[in-house]
Amino acid sequence: MTAAADPLAPPRRRPDWLLRTGAGIVAVVCVLAVIGPSIGPYDPTLTTPRVAVPPPPAAEIPGLVAGLLAGTLPHPPHWMGTDASGYDVFSRVIAAPRTDLVIALLANGLSLAIGVFLGLIAGYFRNWGTELLMRVSDVMQSFPVFISAMVLVALAGRSTANIIIALAFVYTPIYVRLTRAEVLSQKARGFVEAARAMGRRELSIALTHVLPNSLAPALIQSSVTIGFAILLTAGLSFVGAGVRPPTPEWGLMISTGANQIILGEWWPSVFPGIAISLTVFGFAVLGNALERRHEGG
Amino acid sequence: MLSRYILRRVLIGIVQLLGLTVAVFFLIRLLPADPVSRLVGMNASAEAYAQAEAQLGLNRPVPEQLAIYLGLRPDIGPGLLQGSLGTSWVTGSTVGAEIRAYLPVTLELITLGFLVAFAVAVPVGMLSALRPGGRADKGVFVYSLFAGSQPEFWWGLLFVYVFYFQLGWAPPPLGRLGPMTAPPPPVSGFMLIDTLIAGQPGKFVEALHHLMLPVAVLAFVLSGPIIKMVRQNMARALQSDFVLYANAAGLPRGRVAAYALRAAMAPSITLIGILYGFMLSGAVLVETVFSLGGIGQYAVRSVLAFDYPAIQGVVLVITAISLLVYLALDLIHAAIDPRVSH
């Protein structure tokens with residue numbers, strides 16, 4: 001059955017607006033990671049004297065904007081209110097991508113680099129050493145993800161660097177496995193044999209011919225991993241095993257607001273939550289689009 | 001044939017658990033944490049520190065500590081070989097007993113979460129596969145991407161705000177039962193079962209009421225990947241020759257869909273096992289939001305207190321359960337799809 005005649009294949013034209021939304025969200029988050037901490041009305045790591053101020057109701061917003069432009073306000077408005085300690089929620093929400101995205105990108109980059117390299121070795125050279133490598137990778141993959149990340153961060157010290165290392169540790173086995181599977185299928189192809197017939201060394205064949213052809217699954221997985229790394233970073237903060245206050249980080253903000261939400265103060269938790277929700281969704285959409293494009297040819 | 005397969009899987013599982021135990025053992029001792037000073041306080045005298053260190057056995061060389069933990073030194077104390085997970089450094093009770101007290105809540109929570117997610121996801125995924133590319137299919141596709149990428153703890157808080165604070169439909173997120181309710185005598189450890197054993201239907205309903213929001217949150221985040229999987233497998237099954245034949249033979253559409261569903265469920269089972277194992281520790285955030293006191297919260301408490309035996313125990317038990325779930329589901333898979341066992 002050919003793909004064209006297949007009535008049950010996924011529709012050829014996926015809703016384009018969806019991909020555009022995802023890419024747009026990711027672009028905004030990336031820009032905020034660069035400029036976010038410096039464009040907010042308040043310093044994201046300093047408290048204001050105004051505690052637990054709710055966000056302005058919609059009707060007051062035009063007046064506040066006019067006042068802001070005319071310079072008649074005593075202080076810049078708290079667009080998303082302030083939390084129980086007096087931090088400006090808006091300034092912290094837009095400053096947080098620098099923490100969250102940098103952790104996620106570096107953790108993903110680290111696990112991608114290590115995982116792809118090990119996967120290439122394990123797939124291309126098959127001996128007892130690479131067998132052992134795969135068994136170790138199996139054991140690592142059977143670790144409960146959240147608990148091992150939490151153990152690593154809590155016992156090594158709650159710093160950004162340790163969070164990055166912990167996340168890289170839990171995500172590396174996925175890349176080892178993905179790359180190894182792809183290498184196994186690639187190295188049976190004719191171009192490898194051709195290179196060998198031309199007298200190329202094995203290591204050079206592995207690096208220059210097999211590696212570039214085996215990268216796609218790992219790169220596609222990256223978008224998904226970055227999204228999950230953001231969720232995991234936030235989750236770690238939520239249970240008290242993540243970055244330290246007052247670092248602007250979405251999960252930490254949700255966590256500090258969690259005690260007030262039962263009392264009806266929703267804004268300190270709700271706004272950072274919307275930010276995570278949209279960001280991770282954006283990366284998921286992007287990853288899905290990449291996957292489709294790759295499968296489609 | 002089947003029993004040999006099970007035996008082999010169990011043996012591999014035991015080796016894997018042993019590797020995991022050893023890896024975790026060395027890992028937590030390699031990291032620069034100081035559980036002794038966490039226990040005796042920063043200002044303790046050198047003698048008090050040394051005494052606590054000796055009491056925890058941390059003054060011995062690490063390989064010897066491992067041998068004791070594994071139960072290879074019964075002269076010093078019982079270990080894994082003797083069926084003991086050790087004693088918590090913080091509470092002083094045995095880790096085995098503590099895990100037995102915390103685990104049932106988590107199992108109740110995620111099992112109910114899976115059932116609800118399934119009840120929603122299977123029909124939705126199926127309908128979406130029956131009319132691919134339609135408006136409903138596109139909507140379902142966006143929903144499953146969205147639900148599969150959400151911070152579940154934030155949704156938990158949001159649900160608390162809406163259903164407890166605003167609407168008053170849910171109880172406060174403060175545990176398994178109301179503060180005035182005496183828990184039923186523990187028999188199985190599962191609150192829902194124990195209330196029935198004790199013949200207290202009122203408390204059963206109360207326990208169910210307290211589980212309502214956490215189960216809804218879990219079912220929401222789980223429904224994303226499950227819908228995606230059901231849709232994919234269903235679409236693949238509908239393309240297969242037996243469906244073509246059934247349609248050609250003029251069977252009613254509903255009957256054909258039912259056949260296809262059965263074929264679609266078999267490959268779905270593996271993913272369910274992986275999700276279930278993931279949720280054993282992944283439910284920790286939902287447990288925290290609703291103060292349910294499950295195994296995840298026990299893990300958080302142990303990790304933050306540097307309670308090494310408890311950390312080891314939790315990791316070991318959770319992994320063992322996931323491996324058992326994988327095995328059970330692989331057996332079910334083989335029962336549905338006989339090709340697998342060959």
# chains A, B, ... in the order shown; residues from 1 in each chain; ligands from 1
$ interface_residues --of "chain B" --to "chain A" --cutoff "7 Å" --atoms "only C-alpha atoms" --output "PyMOL selection string"
chain B and resi 16+19-20+31-33+132-133+145-146+149-151+154+157+161+165+235+239+278+281-282+285+303-304+315+319
$ write_last_selection --atoms "N, CA, C and O atoms" --output "mmCIF file, in the first residue's frame"
data_model
loop_
_atom_site.group_PDB
_atom_site.id
_atom_site.type_symbol
_atom_site.label_atom_id
_atom_site.label_comp_id
_atom_site.auth_asym_id
_atom_site.auth_seq_id
_atom_site.Cartn_x
_atom_site.Cartn_y
_atom_site.Cartn_z
ATOM 1 N N GLN B 16 19.606 -6.915 37.523
ATOM 2 C CA GLN B 16 19.447 -5.486 37.278
ATOM 3 C C GLN B 16 19.266 -4.720 38.601
ATOM 4 O O GLN B 16 19.869 -3.665 38.804
ATOM 5 N N GLY B 19 22.556 -4.533 40.382
ATOM 6 C CA GLY B 19 23.395 -3.493 39.773
ATOM 7 C C GLY B 19 22.944 -2.117 40.215
ATOM 8 O O GLY B 19 23.762 -1.265 40.588
ATOM 9 N N LEU B 20 21.633 -1.919 40.223
ATOM 10 C CA LEU B 20 21.078 -0.635 40.627
ATOM 11 C C LEU B 20 21.426 -0.324 42.077
ATOM 12 O O LEU B 20 21.847 0.786 42.413
ATOM 13 N N LEU B 31 28.841 11.518 46.510
ATOM 14 C CA LEU B 31 28.426 12.912 46.476
ATOM 15 C C LEU B 31 28.828 13.601 47.778
ATOM 16 O O LEU B 31 28.853 12.976 48.837
ATOM 17 N N PRO B 32 29.133 14.897 47.665
ATOM 18 C CA PRO B 32 29.694 15.590 48.826
ATOM 19 C C PRO B 32 28.645 15.996 49.855
ATOM 20 O O PRO B 32 28.589 17.143 50.261
ATOM 21 N N ALA B 33 27.823 15.082 50.296
ATOM 22 C CA ALA B 33 26.853 15.409 51.344
ATOM 23 C C ALA B 33 27.361 14.833 52.662
ATOM 24 O O ALA B 33 28.049 13.822 52.675
ATOM 25 N N PRO B 132 -9.597 10.060 10.351
ATOM 26 C CA PRO B 132 -8.329 10.793 10.388
ATOM 27 C C PRO B 132 -8.424 12.078 9.587
ATOM 28 O O PRO B 132 -9.057 12.118 8.532
ATOM 29 N N GLY B 133 -7.797 13.119 10.120
ATOM 30 C CA GLY B 133 -7.757 14.384 9.399
ATOM 31 C C GLY B 133 -8.987 15.237 9.595
ATOM 32 O O GLY B 133 -9.020 16.379 9.156
ATOM 33 N N LEU B 145 -1.093 16.487 22.581
ATOM 34 C CA LEU B 145 0.221 17.135 22.698
ATOM 35 C C LEU B 145 0.262 18.024 23.934
ATOM 36 O O LEU B 145 1.247 18.051 24.666
ATOM 37 N N PHE B 146 -0.843 18.745 24.153
ATOM 38 C CA PHE B 146 -0.891 19.691 25.267
ATOM 39 C C PHE B 146 -0.877 18.956 26.606
ATOM 40 O O PHE B 146 -0.044 19.218 27.473
ATOM 41 N N SER B 149 2.340 17.474 27.995
ATOM 42 C CA SER B 149 3.498 18.327 28.279
ATOM 43 C C SER B 149 3.163 19.357 29.354
ATOM 44 O O SER B 149 3.527 20.502 29.242
ATOM 45 N N GLN B 150 2.449 18.929 30.381
ATOM 46 C CA GLN B 150 1.998 19.890 31.377
ATOM 47 C C GLN B 150 2.636 19.678 32.750
ATOM 48 O O GLN B 150 2.899 18.550 33.150
ATOM 49 N N PRO B 151 2.882 20.785 33.477
ATOM 50 C CA PRO B 151 3.361 20.663 34.867
ATOM 51 C C PRO B 151 2.209 20.221 35.761
ATOM 52 O O PRO B 151 1.346 21.035 36.088
ATOM 53 N N TRP B 154 1.234 22.106 38.987
ATOM 54 C CA TRP B 154 0.561 23.390 38.820
ATOM 55 C C TRP B 154 -0.928 23.169 38.546
ATOM 56 O O TRP B 154 -1.780 23.874 39.092
ATOM 57 N N LEU B 157 -2.618 22.532 41.792
ATOM 58 C CA LEU B 157 -2.905 23.761 42.542
ATOM 59 C C LEU B 157 -4.094 24.501 41.939
ATOM 60 O O LEU B 157 -4.956 25.020 42.648
ATOM 61 N N TYR B 161 -7.586 25.475 43.647
ATOM 62 C CA TYR B 161 -8.137 26.833 43.690
ATOM 63 C C TYR B 161 -9.572 26.839 43.178
ATOM 64 O O TYR B 161 -10.464 27.405 43.813
ATOM 65 N N PHE B 165 -11.399 26.149 46.648
ATOM 66 C CA PHE B 165 -11.567 27.516 47.133
ATOM 67 C C PHE B 165 -12.789 28.197 46.517
ATOM 68 O O PHE B 165 -13.588 28.792 47.217
ATOM 69 N N ALA B 235 -4.931 3.410 14.152
ATOM 70 C CA ALA B 235 -4.802 3.740 12.729
ATOM 71 C C ALA B 235 -4.030 2.640 12.007
ATOM 72 O O ALA B 235 -4.376 2.239 10.902
ATOM 73 N N GLN B 239 -5.387 -0.236 9.069
ATOM 74 C CA GLN B 239 -4.796 -0.394 7.740
ATOM 75 C C GLN B 239 -4.496 -1.838 7.394
ATOM 76 O O GLN B 239 -4.136 -2.136 6.270
ATOM 77 N N PHE B 278 7.000 4.877 35.495
ATOM 78 C CA PHE B 278 7.409 6.273 35.577
ATOM 79 C C PHE B 278 6.577 7.006 36.630
ATOM 80 O O PHE B 278 7.080 7.813 37.393
ATOM 81 N N SER B 281 7.284 7.118 40.681
ATOM 82 C CA SER B 281 8.009 8.239 41.277
ATOM 83 C C SER B 281 7.499 9.563 40.729
ATOM 84 O O SER B 281 7.624 10.594 41.365
ATOM 85 N N GLY B 282 6.860 9.523 39.548
ATOM 86 C CA GLY B 282 6.392 10.765 38.927
ATOM 87 C C GLY B 282 5.188 11.358 39.635
ATOM 88 O O GLY B 282 4.898 12.537 39.485
ATOM 89 N N LEU B 285 4.883 14.768 42.766
ATOM 90 C CA LEU B 285 4.483 16.170 42.814
ATOM 91 C C LEU B 285 3.000 16.303 43.153
ATOM 92 O O LEU B 285 2.606 17.173 43.915
ATOM 93 N N VAL B 303 15.359 12.073 50.967
ATOM 94 C CA VAL B 303 16.467 12.695 50.230
ATOM 95 C C VAL B 303 16.886 13.987 50.919
ATOM 96 O O VAL B 303 18.070 14.233 51.128
ATOM 97 N N LEU B 304 15.904 14.808 51.309
ATOM 98 C CA LEU B 304 16.251 16.092 51.912
ATOM 99 C C LEU B 304 16.900 15.901 53.275
ATOM 100 O O LEU B 304 17.648 16.756 53.744
ATOM 101 N N VAL B 315 14.353 3.536 46.117
ATOM 102 C CA VAL B 315 14.772 3.284 44.738
ATOM 103 C C VAL B 315 14.617 1.796 44.410
ATOM 104 O O VAL B 315 14.099 1.414 43.357
ATOM 105 N N THR B 319 11.863 0.436 41.669
ATOM 106 C CA THR B 319 12.356 -0.234 40.469
ATOM 107 C C THR B 319 11.853 -1.667 40.409
ATOM 108 O O THR B 319 11.478 -2.161 39.340
#
$ residues_around --residues "Leu177 of chain B" --least-positions-apart "2" --cutoff "9 Å" --atoms "only C-alpha atoms" --output "mmCIF file with all heavy atoms, in the first residue's frame"
data_model
loop_
_atom_site.group_PDB
_atom_site.id
_atom_site.type_symbol
_atom_site.label_atom_id
_atom_site.label_comp_id
_atom_site.auth_asym_id
_atom_site.auth_seq_id
_atom_site.Cartn_x
_atom_site.Cartn_y
_atom_site.Cartn_z
ATOM 1 N N PRO B 171 -12.641 18.568 48.997
ATOM 2 C CA PRO B 171 -12.127 18.823 50.347
ATOM 3 C C PRO B 171 -10.785 19.549 50.247
ATOM 4 O O PRO B 171 -10.169 19.562 49.191
ATOM 5 C CB PRO B 171 -11.954 17.420 50.922
ATOM 6 C CG PRO B 171 -11.744 16.550 49.734
ATOM 7 C CD PRO B 171 -12.539 17.148 48.623
ATOM 8 N N LEU B 174 -5.438 18.250 52.073
ATOM 9 C CA LEU B 174 -4.642 18.015 53.284
ATOM 10 C C LEU B 174 -4.651 16.556 53.698
ATOM 11 O O LEU B 174 -4.707 16.242 54.887
ATOM 12 C CB LEU B 174 -5.154 18.892 54.430
ATOM 13 C CG LEU B 174 -5.111 20.401 54.160
ATOM 14 C CD1 LEU B 174 -5.823 21.177 55.249
ATOM 15 C CD2 LEU B 174 -3.667 20.873 54.024
ATOM 16 N N GLY B 175 -4.638 15.643 52.753
ATOM 17 C CA GLY B 175 -4.488 14.248 53.147
ATOM 18 C C GLY B 175 -5.565 13.345 52.600
ATOM 19 O O GLY B 175 -6.346 13.728 51.724
ATOM 20 N N PRO B 179 -9.651 15.848 58.802
ATOM 21 C CA PRO B 179 -8.859 15.858 60.036
ATOM 22 C C PRO B 179 -9.591 15.207 61.208
ATOM 23 O O PRO B 179 -8.951 14.754 62.159
ATOM 24 C CB PRO B 179 -8.631 17.356 60.285
ATOM 25 C CG PRO B 179 -9.661 18.061 59.486
ATOM 26 C CD PRO B 179 -9.949 17.191 58.306
ATOM 27 N N MET B 180 -10.922 15.161 61.182
ATOM 28 C CA MET B 180 -11.689 14.620 62.308
ATOM 29 C C MET B 180 -11.976 13.125 62.151
ATOM 30 O O MET B 180 -12.522 12.498 63.037
ATOM 31 C CB MET B 180 -13.034 15.367 62.424
ATOM 32 C CG MET B 180 -12.879 16.829 62.752
ATOM 33 S SD MET B 180 -11.823 17.034 64.193
ATOM 34 C CE MET B 180 -11.895 18.784 64.407
ATOM 35 N N THR B 181 -11.632 12.570 60.965
ATOM 36 C CA THR B 181 -11.999 11.183 60.717
ATOM 37 C C THR B 181 -10.882 10.253 61.177
ATOM 38 O O THR B 181 -9.735 10.436 60.806
ATOM 39 C CB THR B 181 -12.244 10.972 59.217
ATOM 40 O OG1 THR B 181 -13.070 12.035 58.747
ATOM 41 C CG2 THR B 181 -12.918 9.638 58.959
ATOM 42 N N ALA B 182 -11.254 9.269 61.991
ATOM 43 C CA ALA B 182 -10.265 8.266 62.393
ATOM 44 C C ALA B 182 -10.088 7.292 61.243
ATOM 45 O O ALA B 182 -11.075 6.807 60.686
ATOM 46 C CB ALA B 182 -10.749 7.535 63.635
ATOM 47 N N PRO B 183 -8.831 7.024 60.838
ATOM 48 C CA PRO B 183 -8.638 6.073 59.740
ATOM 49 C C PRO B 183 -9.080 4.671 60.156
ATOM 50 O O PRO B 183 -9.048 4.338 61.343
ATOM 51 C CB PRO B 183 -7.140 6.139 59.480
ATOM 52 C CG PRO B 183 -6.539 6.722 60.703
ATOM 53 C CD PRO B 183 -7.585 7.576 61.341
ATOM 54 N N LYS B 203 -16.728 6.338 55.236
ATOM 55 C CA LYS B 203 -15.310 6.687 55.130
ATOM 56 C C LYS B 203 -14.768 6.333 53.751
ATOM 57 O O LYS B 203 -13.850 6.998 53.252
ATOM 58 C CB LYS B 203 -14.510 5.952 56.203
ATOM 59 C CG LYS B 203 -14.705 6.555 57.581
ATOM 60 C CD LYS B 203 -13.835 5.885 58.618
ATOM 61 C CE LYS B 203 -14.204 6.373 60.000
ATOM 62 N NZ LYS B 203 -13.521 5.592 61.045
ATOM 63 N N GLU B 206 -15.601 9.154 51.687
ATOM 64 C CA GLU B 206 -14.753 10.285 52.061
ATOM 65 C C GLU B 206 -13.349 10.133 51.452
ATOM 66 O O GLU B 206 -12.787 11.091 50.917
ATOM 67 C CB GLU B 206 -14.659 10.364 53.588
ATOM 68 C CG GLU B 206 -13.932 11.603 54.063
ATOM 69 C CD GLU B 206 -13.951 11.736 55.575
ATOM 70 O OE1 GLU B 206 -14.826 11.116 56.222
ATOM 71 O OE2 GLU B 206 -13.073 12.437 56.107
ATOM 72 N N ALA B 207 -12.814 8.903 51.534
ATOM 73 C CA ALA B 207 -11.481 8.664 50.975
ATOM 74 C C ALA B 207 -11.493 8.886 49.466
ATOM 75 O O ALA B 207 -10.566 9.466 48.897
ATOM 76 C CB ALA B 207 -11.019 7.246 51.295
ATOM 77 N N LEU B 208 -12.564 8.438 48.823
ATOM 78 C CA LEU B 208 -12.686 8.615 47.372
ATOM 79 C C LEU B 208 -12.782 10.102 47.029
ATOM 80 O O LEU B 208 -12.168 10.576 46.074
ATOM 81 C CB LEU B 208 -13.946 7.883 46.907
ATOM 82 C CG LEU B 208 -13.922 7.295 45.503
ATOM 83 C CD1 LEU B 208 -12.725 6.394 45.314
ATOM 84 C CD2 LEU B 208 -15.214 6.516 45.244
ATOM 85 N N HIS B 209 -13.526 10.829 47.856
ATOM 86 C CA HIS B 209 -13.694 12.267 47.659
ATOM 87 C C HIS B 209 -12.348 12.975 47.742
ATOM 88 O O HIS B 209 -12.025 13.855 46.946
ATOM 89 C CB HIS B 209 -14.651 12.807 48.729
ATOM 90 C CG HIS B 209 -15.141 14.195 48.459
ATOM 91 N ND1 HIS B 209 -15.631 15.021 49.433
ATOM 92 C CD2 HIS B 209 -15.206 14.904 47.312
ATOM 93 C CE1 HIS B 209 -15.960 16.188 48.901
ATOM 94 N NE2 HIS B 209 -15.721 16.140 47.617
ATOM 95 N N HIS B 210 -11.503 12.551 48.715
ATOM 96 C CA HIS B 210 -10.190 13.171 48.862
ATOM 97 C C HIS B 210 -9.264 12.809 47.699
ATOM 98 O O HIS B 210 -8.311 13.513 47.444
ATOM 99 C CB HIS B 210 -9.551 12.764 50.190
ATOM 100 C CG HIS B 210 -10.042 13.570 51.344
ATOM 101 N ND1 HIS B 210 -11.264 13.368 51.940
ATOM 102 C CD2 HIS B 210 -9.481 14.618 52.004
ATOM 103 C CE1 HIS B 210 -11.432 14.237 52.919
ATOM 104 N NE2 HIS B 210 -10.363 15.004 52.984
#
$ select_by_dssp --residues "segment 110-294 of chain B" --states "alpha helix (DSSP H)" --output "ChimeraX atom specification"
/B:110-130,135-147,152-159,191-197,201-239,241-248,253-282,284-290
$ atom_distance --atom1 "atom CA of Val183 of chain A" --atom2 "atom CA of Ala334 of chain B"
29.4 Å
$ closest_residue --among "A:Leu68, A:Val51, A:Ala275, A:Ala23" --to "Phe90 of chain A" --atoms "only C-alpha atoms"
A:Ala275
$ atom_distance --atom1 "atom CA of Phe159 of chain B" --atom2 "atom CA of Pro54 of chain A"
19.6 Å
$ atom_distance --atom1 "atom CA of Ile205 of chain A" --atom2 "atom CA of Val192 of chain A"
6.9 Å
$ residues_around --residues "Ile103 of chain A" --least-positions-apart "3" --cutoff "12 Å" --atoms "only C-alpha atoms" --output "ChimeraX atom specification"
/A:33,96-100,106-110,159-168,225-234,242-243,249
$ closest_residue --among "A:Val176, A:Cys30, A:Ala149, A:Met80" --to "Ala58 of chain A" --atoms "only C-alpha atoms"
A:Met80
$ closest_residue --among "B:Gly113, B:Gly139, B:Pro338, B:Gly71" --to "Ala283 of chain B" --atoms "only C-alpha atoms"
B:Gly113
$ residues_around --residues "Asp330 of chain B" --least-positions-apart "2" --cutoff "10 Å" --atoms "only C-alpha atoms" --output "number ranges by chain"
B: 6, 266-267, 269-270, 273, 324-328, 332-336, 340-341
$ closest_residue --among "A:Val210, A:Ala104, A:Leu252, A:Ala289" --to "Gly119 of chain A" --atoms "only C-alpha atoms"
A:Val210
$ decode --residues "segment 233-252 of chain A" --atoms "N, CA, C and O atoms" --output "compact mmCIF listing (two decimals), in the first residue's frame"
# COMPACT_ATOMS: atom_id res chain seq x y z
N THR A 233 13.08 20.54 36.11
CA THR A 233 13.70 21.61 36.88
C THR A 233 12.67 22.26 37.79
O THR A 233 12.92 22.48 38.98
N ALA A 234 11.49 22.54 37.22
CA ALA A 234 10.44 23.17 38.00
C ALA A 234 9.96 22.24 39.11
O ALA A 234 9.75 22.67 40.25
N GLY A 235 9.83 20.95 38.79
CA GLY A 235 9.38 19.98 39.79
C GLY A 235 10.37 19.87 40.94
O GLY A 235 9.97 19.79 42.11
N LEU A 236 11.66 19.88 40.62
CA LEU A 236 12.68 19.81 41.67
C LEU A 236 12.55 21.02 42.60
O LEU A 236 12.59 20.88 43.83
N SER A 237 12.37 22.21 42.02
CA SER A 237 12.20 23.39 42.86
C SER A 237 10.96 23.24 43.73
O SER A 237 10.95 23.66 44.88
N PHE A 238 9.94 22.65 43.16
CA PHE A 238 8.65 22.56 43.87
C PHE A 238 8.78 21.74 45.15
O PHE A 238 8.15 22.05 46.15
N VAL A 239 9.62 20.68 45.13
CA VAL A 239 9.76 19.87 46.35
C VAL A 239 10.94 20.34 47.20
O VAL A 239 11.26 19.71 48.21
N GLY A 240 11.59 21.42 46.80
CA GLY A 240 12.67 21.96 47.62
C GLY A 240 14.02 21.35 47.32
O GLY A 240 14.91 21.37 48.16
N ALA A 241 14.18 20.77 46.13
CA ALA A 241 15.48 20.21 45.76
C ALA A 241 15.98 20.85 44.47
O ALA A 241 16.69 20.23 43.71
N GLY A 242 15.59 22.09 44.24
CA GLY A 242 16.01 22.77 43.02
C GLY A 242 16.82 24.01 43.34
O GLY A 242 17.50 24.05 44.36
N VAL A 243 16.72 25.02 42.44
CA VAL A 243 17.49 26.25 42.66
C VAL A 243 17.05 26.92 43.96
O VAL A 243 15.94 26.70 44.45
N ARG A 244 17.93 27.74 44.50
CA ARG A 244 17.63 28.39 45.78
C ARG A 244 16.92 29.72 45.53
O ARG A 244 17.22 30.42 44.57
N PRO A 245 16.01 30.11 46.41
CA PRO A 245 15.44 31.45 46.34
C PRO A 245 16.55 32.47 46.61
O PRO A 245 17.48 32.13 47.35
N PRO A 246 16.50 33.66 46.06
CA PRO A 246 15.41 34.20 45.25
C PRO A 246 15.63 34.05 43.75
O PRO A 246 15.11 34.87 43.00
N THR A 247 16.39 33.06 43.30
CA THR A 247 16.58 32.87 41.87
C THR A 247 15.23 32.88 41.17
O THR A 247 14.32 32.17 41.61
N PRO A 248 15.06 33.69 40.12
CA PRO A 248 13.78 33.63 39.41
C PRO A 248 13.68 32.31 38.64
O PRO A 248 14.45 32.06 37.72
N GLU A 249 12.78 31.43 39.08
CA GLU A 249 12.59 30.14 38.41
C GLU A 249 11.12 29.82 38.55
O GLU A 249 10.54 29.97 39.63
N TRP A 250 10.49 29.36 37.45
CA TRP A 250 9.04 29.19 37.44
C TRP A 250 8.55 28.22 38.52
O TRP A 250 7.58 28.49 39.21
N GLY A 251 9.23 27.06 38.63
CA GLY A 251 8.78 26.06 39.61
C GLY A 251 8.87 26.58 41.03
O GLY A 251 7.97 26.37 41.85
N LEU A 252 9.95 27.32 41.31
CA LEU A 252 10.12 27.90 42.64
C LEU A 252 9.02 28.91 42.93
O LEU A 252 8.49 28.98 44.04
